[in-house]
Amino acid sequence: MSTQTPADPSPQPRDLTPDDPGRPAGPGPAGQGPAGLPVADAAYWEAAAETFDDEPDHGLRDPAVRAAWAARLRTWLPAGPAEVLDLGCGTGSLALLAAEQGHRVLGVDRSPRMIERARAKLAGRDAAFLVGDAAEPPVGERRFDVVLVRHLLWALPDPAAALRRWAGLLVPGGRLVLVEGRWGEADPIGIPADELTRLVGPLAERTAVQDLTREAVLWGKEVRDERYVLLADLPRRHTEVVDVHLVVRRGAEVLLARRAGTGYADGLLNCPSGHAEDGEDVREAVVREAAEELGLRLAPEDVRAALVMQHRAPPPARPRIGWFFEVAYGTGGEPWNREPDKCAGLAWHRLDALPDDMVAYCRAGLEGLRAGHRFLLHWHRPGDPIAYDPASPGRAVPLDASP
């Protein structure tokens with residue numbers, strides 16, 4: 001990102017700054033970043049792809065700039081081959097450096113033209129690219145050793161939520177590499193290092209900030225504003241994501257949602273579900289998910305814990321703990337699809353005649369619930385399908401006796 005001064009017009013969006021350096025900072029309309037910047041405008045990002053690499057720290061065309069970023073990246077990433085998720089990857093310049101250092105890279109950017117250029121730049125490398133929202137990367141159950149983000153977090157509507165999501169995509173002991181700053185002198189915008197350290201603190205075992213302001217070679221010029229990288233290492237102890245699943249009961253029927261645009265099990269049916277956020281208990285989580293996905297206004301006492309399942313999708317996915325909660329139809333209002341970008345539709349199905357095109361562990365949970373079980377294991381083996389397959393071995397193991 002370039003210095004925000006009248007003599008230095010802004011670069012284009014992966015390192016997003018306002019076109020007008022005098023524009024005041026502050027929150028913009030819903031879905032936009034500070035000062036109403038067009039971070040939600042796909043056309044803005046598409047137009048930026050043509051000249052994006054013209055900035056020295058974007059295209060890394062100058063050998064000295066490129067070598068400086070490569071040297072820095074070598075100290076930020078693991079010594080051995082690692083799984084790296086590059087969010088807001090732009091045209092793939094940092095992804096290329098990581099791939100050249102032996103890492104396997106997955107890049108995500110909202111602009112198809114950016115992704116097209118990244119794919120061309122890394123053709124033949126151990127790298128893949130997806131069009132998607134960096135705040136909610138469409139990576140399914142995949143987990144990474146490093147999440148790399150440069151000059152993006154400050155422009156998101158909810159940086160704290162994005163950080164929690166990104167931390168959840170890391171293996172135990174994984175690392176967040178966050179290149180950020182606070183740009184401009186009259187009306188600076190961005191995230192100061194102390195503020196980002198505070199946001200990351202609850203997620204990390206240790207953090208370290210490296211000042212990059214005086215590293216002129218990184219930017220292709222002298223800069224005077226705040227630029228830094230924050231390295232956050234997550235705890236190495238075993239951790240598991242906690243899922244919550246809402247079983248809406250209408251007599252003999254349950255409500256199922258068809259997944260879409262999530263990067264995991266898209267096209268399959270499952271219960272409306274999500275995961276508990278940091279500091280949230282499981283009842284609070286399922287109440288929140290019910291509001292976000294179905295528009296239901298539930299109180300914690302409206303839901304009843306029906307079944308707990310430890311489950312693992314096909315390797316290399318990591319284990320999760322799933323809590324299935326029941327609620328009676330009509331409680332909290334009429335359910336409707338509030339997230340059409342993640343759900344292709346809702347439908348009622350008989351619990352004793354569930355469809356085959358379901359996520360396997362969700363179907364196992366509902367079948368266990370119908371059989372009266374309260375605790376289950378569902379552990380996929382290598383080669384198992386994510387979808388329920390009546391011809392595949394059953395993986396559900398009850399941990400209680402049937403009533």
# chains A, B, ... in the order shown; residues from 1 in each chain; ligands from 1
call {"tool": "residues_around", "arguments": {"residues": "range 285-291 of chain A", "least_positions_apart": "4", "cutoff": "7 Å", "atoms": "only C-alpha atoms", "output": "mmCIF file with N, CA and C atoms, in the first residue's frame"}}
result
data_model
loop_
_atom_site.group_PDB
_atom_site.id
_atom_site.type_symbol
_atom_site.label_atom_id
_atom_site.label_comp_id
_atom_site.auth_asym_id
_atom_site.auth_seq_id
_atom_site.Cartn_x
_atom_site.Cartn_y
_atom_site.Cartn_z
ATOM 1 N N VAL A 244 -22.666 -26.295 16.135
ATOM 2 C CA VAL A 244 -24.031 -26.349 16.675
ATOM 3 C C VAL A 244 -24.988 -26.604 15.511
ATOM 4 N N HIS A 245 -25.948 -27.499 15.717
ATOM 5 C CA HIS A 245 -26.913 -27.912 14.690
ATOM 6 C C HIS A 245 -28.315 -27.743 15.254
ATOM 7 N N LEU A 246 -29.181 -27.120 14.475
ATOM 8 C CA LEU A 246 -30.551 -26.890 14.923
ATOM 9 C C LEU A 246 -31.488 -27.868 14.229
ATOM 10 N N SER A 273 -26.815 -24.971 10.608
ATOM 11 C CA SER A 273 -25.714 -25.194 11.550
ATOM 12 C C SER A 273 -24.677 -24.091 11.426
ATOM 13 N N GLY A 274 -23.729 -24.098 12.353
ATOM 14 C CA GLY A 274 -22.608 -23.180 12.348
ATOM 15 C C GLY A 274 -21.654 -23.597 13.447
ATOM 16 N N HIS A 275 -20.786 -22.698 13.863
ATOM 17 C CA HIS A 275 -19.870 -23.040 14.944
ATOM 18 C C HIS A 275 -19.883 -21.946 15.991
ATOM 19 N N ALA A 276 -19.563 -22.340 17.229
ATOM 20 C CA ALA A 276 -19.533 -21.392 18.338
ATOM 21 C C ALA A 276 -18.366 -20.432 18.151
ATOM 22 N N GLU A 280 -18.359 -17.789 23.347
ATOM 23 C CA GLU A 280 -19.798 -18.025 23.219
ATOM 24 C C GLU A 280 -20.114 -19.440 23.687
ATOM 25 N N ASP A 281 -21.169 -19.619 24.512
ATOM 26 C CA ASP A 281 -21.550 -20.977 24.874
ATOM 27 C C ASP A 281 -22.424 -21.574 23.776
ATOM 28 N N GLY A 295 -33.875 -16.692 10.514
ATOM 29 C CA GLY A 295 -34.702 -15.590 10.970
ATOM 30 C C GLY A 295 -35.522 -15.907 12.203
ATOM 31 N N LEU A 296 -35.165 -16.948 12.946
ATOM 32 C CA LEU A 296 -35.905 -17.323 14.144
ATOM 33 C C LEU A 296 -35.429 -16.508 15.337
ATOM 34 N N ARG A 297 -36.361 -16.044 16.134
ATOM 35 C CA ARG A 297 -36.054 -15.276 17.341
ATOM 36 C C ARG A 297 -36.227 -16.195 18.547
ATOM 37 N N LEU A 298 -35.159 -16.878 18.890
ATOM 38 C CA LEU A 298 -35.203 -17.865 19.963
ATOM 39 C C LEU A 298 -34.541 -17.323 21.226
ATOM 40 N N ALA A 299 -34.997 -17.829 22.352
ATOM 41 C CA ALA A 299 -34.315 -17.614 23.631
ATOM 42 C C ALA A 299 -33.578 -18.904 23.980
ATOM 43 N N PRO A 300 -32.523 -18.829 24.784
ATOM 44 C CA PRO A 300 -31.787 -20.041 25.126
ATOM 45 C C PRO A 300 -32.670 -21.149 25.688
#
call {"tool": "residues_around", "arguments": {"residues": "range 169-178 of chain A", "least_positions_apart": "5", "cutoff": "7 Å", "atoms": "only C-alpha atoms", "output": "list in words"}}
result
Arg143, Phe144, Asp145, Val146, Val147, Leu148, Val149, Arg150, Val229, Leu230, Leu231, Ala232, Asp233, Leu234, Pro235, Arg236, Arg237, His238 and Thr239 of chain A
call {"tool": "write_last_selection", "arguments": {"atoms": "N, CA, C and O atoms", "output": "PDB file, in the first residue's frame"}}
result
ATOM      1  N   ARG A 143      -7.352 -27.330   6.578  1.00  0.00           N
ATOM      2  CA  ARG A 143      -6.649 -26.545   7.593  1.00  0.00           C
ATOM      3  C   ARG A 143      -5.233 -26.250   7.127  1.00  0.00           C
ATOM      4  O   ARG A 143      -4.659 -26.988   6.332  1.00  0.00           O
ATOM      5  N   PHE A 144      -4.653 -25.163   7.668  1.00  0.00           N
ATOM      6  CA  PHE A 144      -3.414 -24.619   7.136  1.00  0.00           C
ATOM      7  C   PHE A 144      -2.398 -24.386   8.253  1.00  0.00           C
ATOM      8  O   PHE A 144      -2.755 -24.191   9.410  1.00  0.00           O
ATOM      9  N   ASP A 145      -1.130 -24.393   7.859  1.00  0.00           N
ATOM     10  CA  ASP A 145      -0.064 -24.054   8.796  1.00  0.00           C
ATOM     11  C   ASP A 145       0.062 -22.541   8.965  1.00  0.00           C
ATOM     12  O   ASP A 145       0.453 -22.064  10.033  1.00  0.00           O
ATOM     13  N   VAL A 146      -0.255 -21.796   7.911  1.00  0.00           N
ATOM     14  CA  VAL A 146      -0.119 -20.335   7.922  1.00  0.00           C
ATOM     15  C   VAL A 146      -1.308 -19.715   7.202  1.00  0.00           C
ATOM     16  O   VAL A 146      -1.707 -20.187   6.133  1.00  0.00           O
ATOM     17  N   VAL A 147      -1.861 -18.665   7.795  1.00  0.00           N
ATOM     18  CA  VAL A 147      -2.787 -17.779   7.089  1.00  0.00           C
ATOM     19  C   VAL A 147      -2.058 -16.455   6.889  1.00  0.00           C
ATOM     20  O   VAL A 147      -1.663 -15.796   7.858  1.00  0.00           O
ATOM     21  N   LEU A 148      -1.853 -16.088   5.619  1.00  0.00           N
ATOM     22  CA  LEU A 148      -1.109 -14.890   5.232  1.00  0.00           C
ATOM     23  C   LEU A 148      -2.082 -13.846   4.697  1.00  0.00           C
ATOM     24  O   LEU A 148      -2.855 -14.129   3.784  1.00  0.00           O
ATOM     25  N   VAL A 149      -2.046 -12.644   5.267  1.00  0.00           N
ATOM     26  CA  VAL A 149      -2.966 -11.575   4.858  1.00  0.00           C
ATOM     27  C   VAL A 149      -2.174 -10.273   4.794  1.00  0.00           C
ATOM     28  O   VAL A 149      -1.505  -9.904   5.756  1.00  0.00           O
ATOM     29  N   ARG A 150      -2.284  -9.579   3.657  1.00  0.00           N
ATOM     30  CA  ARG A 150      -1.550  -8.308   3.518  1.00  0.00           C
ATOM     31  C   ARG A 150      -2.508  -7.182   3.164  1.00  0.00           C
ATOM     32  O   ARG A 150      -3.188  -7.219   2.141  1.00  0.00           O
ATOM     33  N   VAL A 229       4.317  -5.906  10.425  1.00  0.00           N
ATOM     34  CA  VAL A 229       3.743  -7.241  10.334  1.00  0.00           C
ATOM     35  C   VAL A 229       3.538  -7.746  11.756  1.00  0.00           C
ATOM     36  O   VAL A 229       4.390  -7.542  12.633  1.00  0.00           O
ATOM     37  N   LEU A 230       2.397  -8.354  11.991  1.00  0.00           N
ATOM     38  CA  LEU A 230       2.127  -9.007  13.271  1.00  0.00           C
ATOM     39  C   LEU A 230       2.125 -10.508  13.045  1.00  0.00           C
ATOM     40  O   LEU A 230       1.383 -11.024  12.195  1.00  0.00           O
ATOM     41  N   LEU A 231       2.956 -11.211  13.796  1.00  0.00           N
ATOM     42  CA  LEU A 231       3.029 -12.663  13.744  1.00  0.00           C
ATOM     43  C   LEU A 231       2.351 -13.207  14.994  1.00  0.00           C
ATOM     44  O   LEU A 231       2.719 -12.839  16.121  1.00  0.00           O
ATOM     45  N   ALA A 232       1.354 -14.054  14.812  1.00  0.00           N
ATOM     46  CA  ALA A 232       0.600 -14.612  15.939  1.00  0.00           C
ATOM     47  C   ALA A 232       0.631 -16.130  15.851  1.00  0.00           C
ATOM     48  O   ALA A 232       0.129 -16.711  14.879  1.00  0.00           O
ATOM     49  N   ASP A 233       1.235 -16.762  16.840  1.00  0.00           N
ATOM     50  CA  ASP A 233       1.321 -18.214  16.897  1.00  0.00           C
ATOM     51  C   ASP A 233       0.230 -18.748  17.805  1.00  0.00           C
ATOM     52  O   ASP A 233       0.104 -18.322  18.969  1.00  0.00           O
ATOM     53  N   LEU A 234      -0.563 -19.683  17.278  1.00  0.00           N
ATOM     54  CA  LEU A 234      -1.643 -20.265  18.048  1.00  0.00           C
ATOM     55  C   LEU A 234      -1.124 -21.341  18.993  1.00  0.00           C
ATOM     56  O   LEU A 234      -0.030 -21.885  18.788  1.00  0.00           O
ATOM     57  N   PRO A 235      -1.890 -21.662  20.029  1.00  0.00           N
ATOM     58  CA  PRO A 235      -1.466 -22.724  20.953  1.00  0.00           C
ATOM     59  C   PRO A 235      -1.269 -24.045  20.217  1.00  0.00           C
ATOM     60  O   PRO A 235      -1.983 -24.354  19.257  1.00  0.00           O
ATOM     61  N   ARG A 236      -0.315 -24.839  20.704  1.00  0.00           N
ATOM     62  CA  ARG A 236      -0.032 -26.137  20.095  1.00  0.00           C
ATOM     63  C   ARG A 236      -0.883 -27.250  20.679  1.00  0.00           C
ATOM     64  O   ARG A 236      -0.888 -28.362  20.148  1.00  0.00           O
ATOM     65  N   ARG A 237      -1.593 -26.989  21.763  1.00  0.00           N
ATOM     66  CA  ARG A 237      -2.399 -28.038  22.363  1.00  0.00           C
ATOM     67  C   ARG A 237      -3.559 -28.411  21.436  1.00  0.00           C
ATOM     68  O   ARG A 237      -3.965 -27.636  20.568  1.00  0.00           O
ATOM     69  N   HIS A 238      -4.100 -29.604  21.657  1.00  0.00           N
ATOM     70  CA  HIS A 238      -5.203 -30.082  20.831  1.00  0.00           C
ATOM     71  C   HIS A 238      -6.440 -29.214  21.054  1.00  0.00           C
ATOM     72  O   HIS A 238      -6.840 -28.960  22.188  1.00  0.00           O
ATOM     73  N   THR A 239      -7.027 -28.759  19.984  1.00  0.00           N
ATOM     74  CA  THR A 239      -8.270 -27.996  20.051  1.00  0.00           C
ATOM     75  C   THR A 239      -9.228 -28.522  18.995  1.00  0.00           C
ATOM     76  O   THR A 239      -8.809 -29.084  17.985  1.00  0.00           O
TER      77      THR A 239
END
call {"tool": "select_by_dssp", "arguments": {"residues": "range 326-363 of chain A", "states": "alpha helix (DSSP H)", "output": "list in words"}}
result
Ala360, Tyr361, Cys362 and Arg363 of chain A
call {"tool": "residues_around", "arguments": {"residues": "Ala160 in chain A", "least_positions_apart": "6", "cutoff": "12 Å", "atoms": "only C-alpha atoms", "output": "list of chain:residue names"}}
result
A:Ala135, A:Leu153, A:Trp154, A:Trp166, A:Ala167, A:Ile191, A:Glu195, A:Leu196, A:Thr197, A:Arg198, A:Leu199, A:Val200, A:Gly201, A:Pro202, A:Leu203, A:Glu277, A:Asp278
call {"tool": "write_last_selection", "arguments": {"atoms": "all heavy atoms", "output": "short mmCIF file (atom, residue, chain, number, x, y, z; two decimals), in the first residue's frame"}}
result
data_model
loop_
_atom_site.label_atom_id
_atom_site.label_comp_id
_atom_site.auth_asym_id
_atom_site.auth_seq_id
_atom_site.Cartn_x
_atom_site.Cartn_y
_atom_site.Cartn_z
N ALA A 135 -13.01 -12.84 4.15
CA ALA A 135 -13.48 -12.90 5.53
C ALA A 135 -14.11 -14.24 5.86
O ALA A 135 -14.11 -14.67 7.02
CB ALA A 135 -14.50 -11.77 5.78
N LEU A 153 -7.14 -6.60 6.28
CA LEU A 153 -7.96 -6.71 7.48
C LEU A 153 -8.64 -5.38 7.83
O LEU A 153 -9.80 -5.36 8.21
CB LEU A 153 -7.09 -7.19 8.64
CG LEU A 153 -7.80 -7.42 9.97
CD1 LEU A 153 -8.79 -8.56 9.85
CD2 LEU A 153 -6.80 -7.71 11.07
N TRP A 154 -7.91 -4.28 7.69
CA TRP A 154 -8.45 -2.98 8.10
C TRP A 154 -9.69 -2.59 7.30
O TRP A 154 -10.51 -1.80 7.77
CB TRP A 154 -7.38 -1.90 7.95
CG TRP A 154 -7.11 -1.52 6.52
CD1 TRP A 154 -6.26 -2.13 5.67
CD2 TRP A 154 -7.73 -0.46 5.79
NE1 TRP A 154 -6.29 -1.53 4.43
CE2 TRP A 154 -7.19 -0.49 4.49
CE3 TRP A 154 -8.69 0.51 6.10
CZ2 TRP A 154 -7.58 0.41 3.51
CZ3 TRP A 154 -9.07 1.41 5.12
CH2 TRP A 154 -8.51 1.35 3.85
N TRP A 166 -10.22 -16.89 10.75
CA TRP A 166 -8.92 -17.27 10.22
C TRP A 166 -8.17 -18.16 11.21
O TRP A 166 -7.53 -19.13 10.81
CB TRP A 166 -8.10 -16.03 9.89
CG TRP A 166 -8.73 -15.17 8.83
CD1 TRP A 166 -9.74 -15.53 7.96
CD2 TRP A 166 -8.42 -13.81 8.53
NE1 TRP A 166 -10.06 -14.47 7.15
CE2 TRP A 166 -9.27 -13.40 7.47
CE3 TRP A 166 -7.51 -12.90 9.06
CZ2 TRP A 166 -9.22 -12.13 6.92
CZ3 TRP A 166 -7.46 -11.61 8.52
CH2 TRP A 166 -8.30 -11.24 7.46
N ALA A 167 -8.24 -17.84 12.50
CA ALA A 167 -7.58 -18.67 13.50
C ALA A 167 -8.15 -20.09 13.48
O ALA A 167 -7.43 -21.07 13.69
CB ALA A 167 -7.71 -18.05 14.88
N ILE A 191 -5.17 0.08 10.80
CA ILE A 191 -5.21 -0.50 12.14
C ILE A 191 -3.84 -0.32 12.78
O ILE A 191 -2.86 -0.90 12.30
CB ILE A 191 -5.57 -1.99 12.10
CG1 ILE A 191 -6.93 -2.21 11.44
CG2 ILE A 191 -5.59 -2.57 13.52
CD1 ILE A 191 -7.35 -3.66 11.36
N GLU A 195 -3.56 -1.86 18.41
CA GLU A 195 -4.95 -2.29 18.32
C GLU A 195 -5.06 -3.70 17.75
O GLU A 195 -5.82 -4.53 18.26
CB GLU A 195 -5.76 -1.33 17.44
CG GLU A 195 -7.23 -1.72 17.31
CD GLU A 195 -8.02 -0.79 16.42
OE1 GLU A 195 -7.53 0.34 16.16
OE2 GLU A 195 -9.11 -1.18 15.98
N LEU A 196 -4.29 -4.01 16.72
CA LEU A 196 -4.33 -5.35 16.16
C LEU A 196 -3.79 -6.38 17.16
O LEU A 196 -4.32 -7.49 17.26
CB LEU A 196 -3.52 -5.40 14.87
CG LEU A 196 -3.58 -6.73 14.10
CD1 LEU A 196 -5.01 -7.16 13.83
CD2 LEU A 196 -2.80 -6.64 12.80
N THR A 197 -2.77 -6.01 17.92
CA THR A 197 -2.26 -6.90 18.96
C THR A 197 -3.35 -7.22 19.98
O THR A 197 -3.48 -8.37 20.43
CB THR A 197 -1.04 -6.27 19.66
OG1 THR A 197 -0.03 -6.01 18.69
CG2 THR A 197 -0.49 -7.18 20.74
N ARG A 198 -4.14 -6.22 20.33
CA ARG A 198 -5.24 -6.44 21.27
C ARG A 198 -6.30 -7.38 20.69
O ARG A 198 -6.81 -8.26 21.39
CB ARG A 198 -5.88 -5.09 21.64
CG ARG A 198 -7.08 -5.20 22.58
CD ARG A 198 -7.70 -3.85 22.85
NE ARG A 198 -8.15 -3.19 21.63
CZ ARG A 198 -9.29 -3.49 21.02
NH1 ARG A 198 -10.09 -4.43 21.48
NH2 ARG A 198 -9.64 -2.83 19.92
N LEU A 199 -6.60 -7.23 19.41
CA LEU A 199 -7.61 -8.08 18.78
C LEU A 199 -7.14 -9.53 18.67
O LEU A 199 -7.93 -10.46 18.82
CB LEU A 199 -7.94 -7.54 17.38
CG LEU A 199 -8.70 -6.23 17.29
CD1 LEU A 199 -8.81 -5.78 15.84
CD2 LEU A 199 -10.09 -6.37 17.90
N VAL A 200 -5.87 -9.71 18.40
CA VAL A 200 -5.32 -11.05 18.19
C VAL A 200 -5.02 -11.75 19.50
O VAL A 200 -5.04 -12.98 19.59
CB VAL A 200 -4.06 -10.98 17.30
CG1 VAL A 200 -3.36 -12.32 17.22
CG2 VAL A 200 -4.43 -10.50 15.90
N GLY A 201 -4.74 -10.96 20.54
CA GLY A 201 -4.28 -11.51 21.81
C GLY A 201 -5.05 -12.71 22.33
O GLY A 201 -4.46 -13.73 22.71
N PRO A 202 -6.40 -12.66 22.39
CA PRO A 202 -7.14 -13.80 22.95
C PRO A 202 -7.02 -15.08 22.13
O PRO A 202 -7.33 -16.17 22.63
CB PRO A 202 -8.60 -13.29 22.94
CG PRO A 202 -8.49 -11.81 22.91
CD PRO A 202 -7.27 -11.51 22.11
N LEU A 203 -6.58 -14.98 20.88
CA LEU A 203 -6.51 -16.15 20.01
C LEU A 203 -5.14 -16.82 20.04
O LEU A 203 -5.02 -17.98 19.64
CB LEU A 203 -6.82 -15.74 18.56
CG LEU A 203 -8.13 -14.99 18.32
CD1 LEU A 203 -8.17 -14.49 16.88
CD2 LEU A 203 -9.32 -15.89 18.61
N GLU A 277 -18.63 -19.15 18.39
CA GLU A 277 -17.59 -18.15 18.31
C GLU A 277 -16.83 -18.09 19.63
O GLU A 277 -17.26 -18.64 20.65
CB GLU A 277 -18.21 -16.77 18.02
CG GLU A 277 -18.99 -16.70 16.72
CD GLU A 277 -18.10 -16.65 15.50
OE1 GLU A 277 -16.86 -16.64 15.67
OE2 GLU A 277 -18.63 -16.61 14.38
N ASP A 278 -15.68 -17.42 19.60
CA ASP A 278 -14.85 -17.31 20.79
C ASP A 278 -15.65 -16.66 21.92
O ASP A 278 -16.26 -15.61 21.75
CB ASP A 278 -13.61 -16.47 20.46
CG ASP A 278 -12.64 -16.39 21.62
OD1 ASP A 278 -12.29 -17.45 22.15
OD2 ASP A 278 -12.25 -15.27 21.99
#
call {"tool": "select_by_dssp", "arguments": {"residues": "range 93-203 of chain A", "states": "strand (DSSP E)", "output": "VMD selection string"}}
result
chain A and resid 104 to 109 127 to 131 144 to 150 170 to 183 189 to 190
call {"tool": "closest_residue", "arguments": {"among": "A:Tyr388, A:Trp76, A:Tyr264, A:Trp183", "to": "Arg224 in chain A", "atoms": "only C-alpha atoms"}}
result
A:Trp183
call {"tool": "residues_around", "arguments": {"residues": "Pro81 in chain A", "least_positions_apart": "6", "cutoff": "10 Å", "atoms": "only C-alpha atoms", "output": "PDB file with C-alpha atoms, in the first residue's frame"}}
result
ATOM      1  CA  ALA A  98       5.855 -18.725  -0.960  1.00  0.00           C
ATOM      2  CA  ALA A  99       5.581 -21.378  -3.679  1.00  0.00           C
ATOM      3  CA  GLN A 101      10.202 -21.377  -1.133  1.00  0.00           C
ATOM      4  CA  GLY A 102       8.620 -24.833  -1.289  1.00  0.00           C
ATOM      5  CA  HIS A 103       5.234 -24.158   0.275  1.00  0.00           C
ATOM      6  CA  ARG A 104       1.860 -25.314  -1.005  1.00  0.00           C
ATOM      7  CA  ASP A 145      -0.064 -24.054   8.796  1.00  0.00           C
TER       8      ASP A 145
END
call {"tool": "closest_atom_pairs", "arguments": {"of": "range 231-316 of chain A", "to": "range 359-375 of chain A", "cutoff": "10 Å", "atoms": "only C-alpha atoms", "output": "JSON lines"}}
result
{"residue": "A:His245", "atom": "CA", "partner": "A:Cys362", "partner_atom": "CA", "distance": 8.7}
{"residue": "A:Val247", "atom": "CA", "partner": "A:Leu366", "partner_atom": "CA", "distance": 8.4}
{"residue": "A:Val254", "atom": "CA", "partner": "A:Leu366", "partner_atom": "CA", "distance": 9.2}
{"residue": "A:Arg258", "atom": "CA", "partner": "A:Val359", "partner_atom": "CA", "distance": 9.7}
{"residue": "A:Arg259", "atom": "CA", "partner": "A:Val359", "partner_atom": "CA", "distance": 9.4}
{"residue": "A:Tyr264", "atom": "CA", "partner": "A:Val359", "partner_atom": "CA", "distance": 9.8}
{"residue": "A:Ala265", "atom": "CA", "partner": "A:Val359", "partner_atom": "CA", "distance": 6.7}
{"residue": "A:Asp266", "atom": "CA", "partner": "A:Val359", "partner_atom": "CA", "distance": 9.3}
{"residue": "A:Gly267", "atom": "CA", "partner": "A:Val359", "partner_atom": "CA", "distance": 9.4}
{"residue": "A:Leu268", "atom": "CA", "partner": "A:Val359", "partner_atom": "CA", "distance": 5.9}
{"residue": "A:Leu269", "atom": "CA", "partner": "A:Val359", "partner_atom": "CA", "distance": 6.1}
{"residue": "A:Asn270", "atom": "CA", "partner": "A:Val359", "partner_atom": "CA", "distance": 5.9}
{"residue": "A:Cys271", "atom": "CA", "partner": "A:Cys362", "partner_atom": "CA", "distance": 7.0}
{"residue": "A:Ser273", "atom": "CA", "partner": "A:Cys362", "partner_atom": "CA", "distance": 9.9}
{"residue": "A:Ala305", "atom": "CA", "partner": "A:Arg374", "partner_atom": "CA", "distance": 9.0}
{"residue": "A:Ala306", "atom": "CA", "partner": "A:Arg374", "partner_atom": "CA", "distance": 6.4}
{"residue": "A:Leu307", "atom": "CA", "partner": "A:Arg374", "partner_atom": "CA", "distance": 4.3}
{"residue": "A:Val308", "atom": "CA", "partner": "A:Phe375", "partner_atom": "CA", "distance": 5.0}
{"residue": "A:Met309", "atom": "CA", "partner": "A:Phe375", "partner_atom": "CA", "distance": 5.7}
{"residue": "A:Gln310", "atom": "CA", "partner": "A:Phe375", "partner_atom": "CA", "distance": 8.3}
{"residue": "A:His311", "atom": "CA", "partner": "A:Tyr361", "partner_atom": "CA", "distance": 7.0}
{"residue": "A:Arg312", "atom": "CA", "partner": "A:Tyr361", "partner_atom": "CA", "distance": 8.3}
{"residue": "A:Ala313", "atom": "CA", "partner": "A:Tyr361", "partner_atom": "CA", "distance": 7.9}
call {"tool": "residues_around", "arguments": {"residues": "range 63-75 of chain A", "least_positions_apart": "4", "cutoff": "6 Å", "atoms": "only C-alpha atoms", "output": "list in words"}}
result
Leu97, Val217 and Leu218 of chain A
call {"tool": "atom_distance", "arguments": {"atom1": "CA of Pro138 in chain A", "atom2": "CA of Gly261 in chain A"}}
result
7.2 Å
call {"tool": "closest_residue", "arguments": {"among": "A:Gly333, A:Pro319, A:Gly124, A:Pro56", "to": "Val248 in chain A", "atoms": "only C-alpha atoms"}}
result
A:Gly333
call {"tool": "decode", "arguments": {"residues": "range 85-116 of chain A", "atoms": "C-alpha atoms", "output": "PDB file, in the first residue's frame"}}
result
ATOM      1  CA  LEU A  85      -3.587 -19.766   2.826  1.00  0.00           C
ATOM      2  CA  ASP A  86      -3.081 -16.366   1.148  1.00  0.00           C
ATOM      3  CA  LEU A  87      -6.224 -14.292   1.695  1.00  0.00           C
ATOM      4  CA  GLY A  88      -6.888 -11.290  -0.503  1.00  0.00           C
ATOM      5  CA  CYS A  89      -4.132 -12.731  -2.685  1.00  0.00           C
ATOM      6  CA  GLY A  90      -4.565 -10.219  -5.509  1.00  0.00           C
ATOM      7  CA  THR A  91      -2.489 -11.260  -8.517  1.00  0.00           C
ATOM      8  CA  GLY A  92      -0.501 -13.783  -6.484  1.00  0.00           C
ATOM      9  CA  SER A  93       2.838 -12.016  -6.002  1.00  0.00           C
ATOM     10  CA  LEU A  94       3.319 -13.170  -2.393  1.00  0.00           C
ATOM     11  CA  ALA A  95       1.853 -16.572  -3.243  1.00  0.00           C
ATOM     12  CA  LEU A  96       4.526 -16.962  -5.906  1.00  0.00           C
ATOM     13  CA  LEU A  97       7.293 -16.192  -3.412  1.00  0.00           C
ATOM     14  CA  ALA A  98       5.855 -18.725  -0.960  1.00  0.00           C
ATOM     15  CA  ALA A  99       5.581 -21.378  -3.679  1.00  0.00           C
ATOM     16  CA  GLU A 100       9.178 -20.712  -4.738  1.00  0.00           C
ATOM     17  CA  GLN A 101      10.202 -21.377  -1.133  1.00  0.00           C
ATOM     18  CA  GLY A 102       8.620 -24.833  -1.289  1.00  0.00           C
ATOM     19  CA  HIS A 103       5.234 -24.158   0.275  1.00  0.00           C
ATOM     20  CA  ARG A 104       1.860 -25.314  -1.005  1.00  0.00           C
ATOM     21  CA  VAL A 105      -0.354 -22.257  -1.459  1.00  0.00           C
ATOM     22  CA  LEU A 106      -4.090 -21.686  -1.733  1.00  0.00           C
ATOM     23  CA  GLY A 107      -5.018 -18.110  -2.671  1.00  0.00           C
ATOM     24  CA  VAL A 108      -8.451 -16.519  -2.229  1.00  0.00           C
ATOM     25  CA  ASP A 109      -9.589 -13.203  -3.697  1.00  0.00           C
ATOM     26  CA  ARG A 110     -12.996 -11.746  -4.492  1.00  0.00           C
ATOM     27  CA  SER A 111     -11.956 -10.604  -7.983  1.00  0.00           C
ATOM     28  CA  PRO A 112     -12.088 -13.204 -10.797  1.00  0.00           C
ATOM     29  CA  ARG A 113      -9.654 -11.113 -12.851  1.00  0.00           C
ATOM     30  CA  MET A 114      -7.175 -11.004  -9.991  1.00  0.00           C
ATOM     31  CA  ILE A 115      -7.488 -14.765  -9.633  1.00  0.00           C
ATOM     32  CA  GLU A 116      -7.040 -15.226 -13.379  1.00  0.00           C
TER      33      GLU A 116
END
